[in-house]
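The block underneath contains the structure these notes are about, expressed in structure tokens.
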Amino acid sequence: MQFAVLILGMERIRALWALAAISFFWGTTWFVSKLTVAHIPPLQMTAIRQMSAGLLVTTFFLLRGKKIPPLRDLLFYLMMGFLLISCSNGLTTWAIKYIPSYLGALISALMPFVMIVASFVFFHEKIKPMAILGLIVGFAGVLFLLSSFFEELSNDHFLFGVVITLVGVCTWTTGTLFTIRNKRKLDPYVGIGWQMLFGGLILYLASWITGQHVDLAVVPIQTWGYITYLTIVGSIFCFMCYLYALKHLPVGLVSIYVYINPLVALLMGILLLGEKLSISIVAGALTILCGTYIVKRASTQ
């Protein structure tokens with residue numbers, strides 16, 4: 001009995017370390033992605049990142065004796081790869097070519113708001129009064145934040161970056177809802193590999209259709225280092241840590257990464273990239289995170 005308690009305690013400690021890892025390292029990926037897209041088109045870079053990660057993960061499990069999933073499961077992974085990887089990760093990476101990296105992270109923090117609204121619209125789930133308050137606070141924070149970029153919003157590229165980030169948030173929410181409501185028992189560790197592989201292949205096709213590709217021979221060595229970091233740390237390590245944390249910790253506790261990621265991105269963007277900072281930006285960011293907290297709190301009651 002004592003041994004079992006000890007094992008459970010060790011698993012919780014490892015899960016807390018996994019949560020700390022995703023809270024920090026996922027925040028750094030915004031900064032690193034910003035550096036990367038300066039030398040390689042966003043869709044091509046994200047395709048290379050996710051295809052590489054998917055190949056490494058699926059190969060690892062195949063070598064360990066896992067069989068290729070049946071066609072029905074592969075089609076599900078294809079759909080999730082399109083929504084979570086191709087659309088969400090692809091679009092938000094494309095966006096930070098035109099907007100500050102931390103702005104992309106802050107807009108992406110709106111995912112819990114979109115989840116609440118989508119559940120109400122599509123599944124007729126009631127919105128609790130506290131959640132409504134959180135939605136109002138979060139919306140006010142977005143308006144406050146965007147008002148700090150009033151001049152930039154007149155730039156079509158900047159506006160395009162904001163819009164596709166919002167689209168990316170919506171596709172991530174859609175994919176998450178499908179995952180939550182999927183009744184089949186699928187191995188999430190195996191599944192994330194196939195999703196990254198399929199999502200990366202779709203992105204590769206999209207990069208050629210949109211003309212977002214360059215000769216890889218001209219990509220600087222340093223940029224390949226950034227892509228390697230995004231692949232190994234941002235995709236493989238962080239996703240595995242996220243799944244492990246979800247398995248051993250309450251969902252409400254794991255969700256704190258939503259608040260920490262944008263703050264890490266904000267600090268790195270300002271300190272290392274010299275991105276725009278003002279009191280109204282900080283106030284808007286804190287208001288959004290406050291609204292996110294209220295919505296999250298309401299969803300756990």
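Numbering starts fresh at 1 for the residues of each chain in the structure tokens, the chains themselves are lettered A, B, ... in the order given, and ligands are numbered from 1 as they appear.
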Within 12 Å of region 236-251 of chain A: each region 123-208 of chain A residue with its shortest pair, only C-alpha atoms, as JSON lines:
{"residue": "A:Asp187", "atom": "CA", "partner": "A:Leu243", "partner_atom": "CA", "distance": 10.4}
{"residue": "A:Pro188", "atom": "CA", "partner": "A:Leu243", "partner_atom": "CA", "distance": 7.3}
{"residue": "A:Tyr189", "atom": "CA", "partner": "A:Met240", "partner_atom": "CA", "distance": 6.9}
{"residue": "A:Val190", "atom": "CA", "partner": "A:Met240", "partner_atom": "CA", "distance": 10.1}
{"residue": "A:Gly191", "atom": "CA", "partner": "A:Leu243", "partner_atom": "CA", "distance": 10.9}
{"residue": "A:Ile192", "atom": "CA", "partner": "A:Phe239", "partner_atom": "CA", "distance": 7.8}
{"residue": "A:Gly193", "atom": "CA", "partner": "A:Ile236", "partner_atom": "CA", "distance": 8.4}
{"residue": "A:Trp194", "atom": "CA", "partner": "A:Ile236", "partner_atom": "CA", "distance": 11.9}
{"residue": "A:Gln195", "atom": "CA", "partner": "A:Phe239", "partner_atom": "CA", "distance": 11.5}
{"residue": "A:Met196", "atom": "CA", "partner": "A:Ile236", "partner_atom": "CA", "distance": 9.4}
{"residue": "A:Leu197", "atom": "CA", "partner": "A:Ile236", "partner_atom": "CA", "distance": 11.6}
Could you write out that same residue set with N, CA and C atoms as a short mmCIF file (atom, residue, chain, number, x, y, z; two decimals), in the first residue's frame?
data_model
loop_
_atom_site.label_atom_id
_atom_site.label_comp_id
_atom_site.auth_asym_id
_atom_site.auth_seq_id
_atom_site.Cartn_x
_atom_site.Cartn_y
_atom_site.Cartn_z
N ASP A 187 -5.02 5.74 -28.29
CA ASP A 187 -3.78 6.05 -27.58
C ASP A 187 -3.36 7.47 -27.95
N PRO A 188 -3.43 8.42 -27.00
CA PRO A 188 -3.12 9.82 -27.34
C PRO A 188 -1.67 10.03 -27.76
N TYR A 189 -0.74 9.23 -27.20
CA TYR A 189 0.67 9.39 -27.53
C TYR A 189 0.94 8.97 -28.98
N VAL A 190 0.33 7.86 -29.39
CA VAL A 190 0.46 7.42 -30.78
C VAL A 190 -0.27 8.40 -31.69
N GLY A 191 -1.46 8.82 -31.26
CA GLY A 191 -2.30 9.68 -32.08
C GLY A 191 -1.65 11.01 -32.42
N ILE A 192 -0.93 11.61 -31.44
CA ILE A 192 -0.35 12.93 -31.70
C ILE A 192 0.72 12.84 -32.78
N GLY A 193 1.41 11.69 -32.87
CA GLY A 193 2.40 11.51 -33.92
C GLY A 193 1.77 11.52 -35.30
N TRP A 194 0.68 10.77 -35.46
CA TRP A 194 -0.02 10.73 -36.75
C TRP A 194 -0.64 12.08 -37.09
N GLN A 195 -1.15 12.78 -36.08
CA GLN A 195 -1.73 14.10 -36.33
C GLN A 195 -0.68 15.08 -36.82
N MET A 196 0.50 15.07 -36.20
CA MET A 196 1.57 15.96 -36.64
C MET A 196 2.05 15.60 -38.04
N LEU A 197 2.12 14.30 -38.32
CA LEU A 197 2.56 13.86 -39.65
C LEU A 197 1.57 14.29 -40.73
#
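Using only C-alpha atoms, the contacts of region 109-118 of chain A at a cut-off of 8 Å, with sequence neighbours closer than 2 positions omitted, comprise Ala105, Leu106, Ile107, Phe120, Val121, Phe122, Phe123, Ile127, Ala131, Leu135, Gly138, Val169, Cys170, Trp172, Thr173, Leu177, Val258, Tyr259, Pro262, Ile288, Leu289, Thr292, Val295 and Lys296 of chain A.
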Legend entry - Contacts of region 88-98 of chain A at 6 Å (only C-alpha atoms; same-chain gap of 6+ positions) as a PyMOL selection string: chain A and resi 42-43+157-158+161+164-165+168+171-172
Dump as a compact mmCIF listing (two decimals), in the first residue's frame, selection limited to C-alpha atoms:
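Generated output (out28.txt):
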# COMPACT_ATOMS: atom_id res chain seq x y z
CA PRO A 42 5.89 30.24 -42.26
CA LEU A 43 3.90 27.44 -43.90
CA HIS A 157 -0.72 42.76 -43.29
CA PHE A 158 -1.10 43.46 -39.56
CA GLY A 161 -2.18 38.51 -38.99
CA ILE A 164 -5.79 34.41 -39.16
CA THR A 165 -4.71 34.09 -35.53
CA GLY A 168 -6.42 29.45 -35.77
CA THR A 171 -9.86 25.60 -35.51
CA TRP A 172 -7.98 24.59 -32.35
Inset, instruction - Kindly indicate which residue among A:Ile232, A:Leu145, A:Ala298, A:Leu253 lies nearest to Ala15 (chain A), using only C-alpha atoms for the distances. - result: A:Leu253
Legend entry - Spatial neighbours of Asn182 (chain A), max dist 12 Å, only C-alpha atoms, sep filter under 5 positions, as a list in words: Asp73, Phe76, Tyr77, Met80, Gly175, Thr176, Leu177 and Pro188 of chain A
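The protein and nucleic acid residues lying at most 7 Å from region 147-153 of chain A are Leu143, Phe144, Phe158, Leu159, Ser280 and Ile281 of chain A, with only C-alpha atoms considered and sequence neighbours fewer than 3 positions away removed.
CA of Val137 (chain A) sits 6.6 Å away from CA of Thr287 (chain A).
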Inset, instruction - Find, counting only C-alpha atoms, the residue in A:Leu74, A:His39, A:Leu273, A:Met10 that gets nearest to Trp224 (chain A). - result: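 Distance minimum relative to Trp224 (chain A) lands on A:His39.
Minimum atom-to-atom distances from A:Ala20, A:Ile48, A:Leu146, A:Leu63 to His213 (chain A) were compared using only C-alpha atoms, and the lowest value belongs to A:Ile48.
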Inset, instruction - Would you mind telling me which residue in A:Ala265, A:Pro41, A:Thr36, A:Leu19 lies nearest to Gly211 (chain A) when using only C-alpha atoms? - result: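 That would be A:Pro41, the residue with the smallest distance to Gly211 (chain A).
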Inset, instruction - Taking the chain letters and numbering used in this document, name the residues of region 7-137 of chain A that DSSP puts in helix (DSSP H, G or I), as a ChimeraX atom specification. - result: /A:7-36,42-63,71-95,101-108,111-123,129-137
Please provide the set of residues having any atom within 9 Å of region 24-26 of chain A, restricted to only C-alpha atoms, with same-chain residues fewer than 5 positions apart removed, written as a PDB file with N, CA and C atoms, in the first residue's frame.
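Heads up, here's the output in part_23.pdb:
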ATOM      1  N   LEU A  19       4.113  19.877 -16.379  1.00  0.00           N
ATOM      2  CA  LEU A  19       3.294  21.086 -16.488  1.00  0.00           C
ATOM      3  C   LEU A  19       4.172  22.335 -16.505  1.00  0.00           C
ATOM      4  N   VAL A 233      11.612  20.267 -29.058  1.00  0.00           N
ATOM      5  CA  VAL A 233      11.075  20.804 -27.795  1.00  0.00           C
ATOM      6  C   VAL A 233       9.614  21.227 -27.947  1.00  0.00           C
ATOM      7  N   GLY A 234       9.337  22.072 -28.954  1.00  0.00           N
ATOM      8  CA  GLY A 234       7.993  22.619 -29.102  1.00  0.00           C
ATOM      9  C   GLY A 234       6.939  21.600 -29.476  1.00  0.00           C
ATOM     10  N   SER A 235       7.295  20.651 -30.355  1.00  0.00           N
ATOM     11  CA  SER A 235       6.304  19.671 -30.803  1.00  0.00           C
ATOM     12  C   SER A 235       6.361  18.381 -29.992  1.00  0.00           C
ATOM     13  N   CYS A 238       7.005  18.932 -25.666  1.00  0.00           N
ATOM     14  CA  CYS A 238       5.902  19.628 -25.006  1.00  0.00           C
ATOM     15  C   CYS A 238       4.569  18.885 -25.149  1.00  0.00           C
ATOM     16  N   TYR A 257      -1.194  26.598 -17.794  1.00  0.00           N
ATOM     17  CA  TYR A 257      -0.232  26.924 -18.853  1.00  0.00           C
ATOM     18  C   TYR A 257      -0.793  27.992 -19.788  1.00  0.00           C
ATOM     19  N   ILE A 260       0.428  31.265 -18.402  1.00  0.00           N
ATOM     20  CA  ILE A 260       1.877  31.474 -18.347  1.00  0.00           C
ATOM     21  C   ILE A 260       2.490  31.633 -19.731  1.00  0.00           C
ATOM     22  N   ASN A 261       2.012  30.846 -20.717  1.00  0.00           N
ATOM     23  CA  ASN A 261       2.556  30.930 -22.075  1.00  0.00           C
ATOM     24  C   ASN A 261       2.606  32.357 -22.621  1.00  0.00           C
ATOM     25  N   VAL A 264       5.334  34.475 -20.895  1.00  0.00           N
ATOM     26  CA  VAL A 264       6.681  34.124 -21.362  1.00  0.00           C
ATOM     27  C   VAL A 264       6.928  34.742 -22.737  1.00  0.00           C
ATOM     28  N   ALA A 265       5.928  34.605 -23.629  1.00  0.00           N
ATOM     29  CA  ALA A 265       6.057  35.177 -24.976  1.00  0.00           C
ATOM     30  C   ALA A 265       6.185  36.697 -24.918  1.00  0.00           C
TER      31      ALA A 265
END
Legend entry - Spatial neighbours of Thr231 (chain A), 10 Å, only C-alpha atoms, chain gap at least 4 places, as a count of residues only: 17
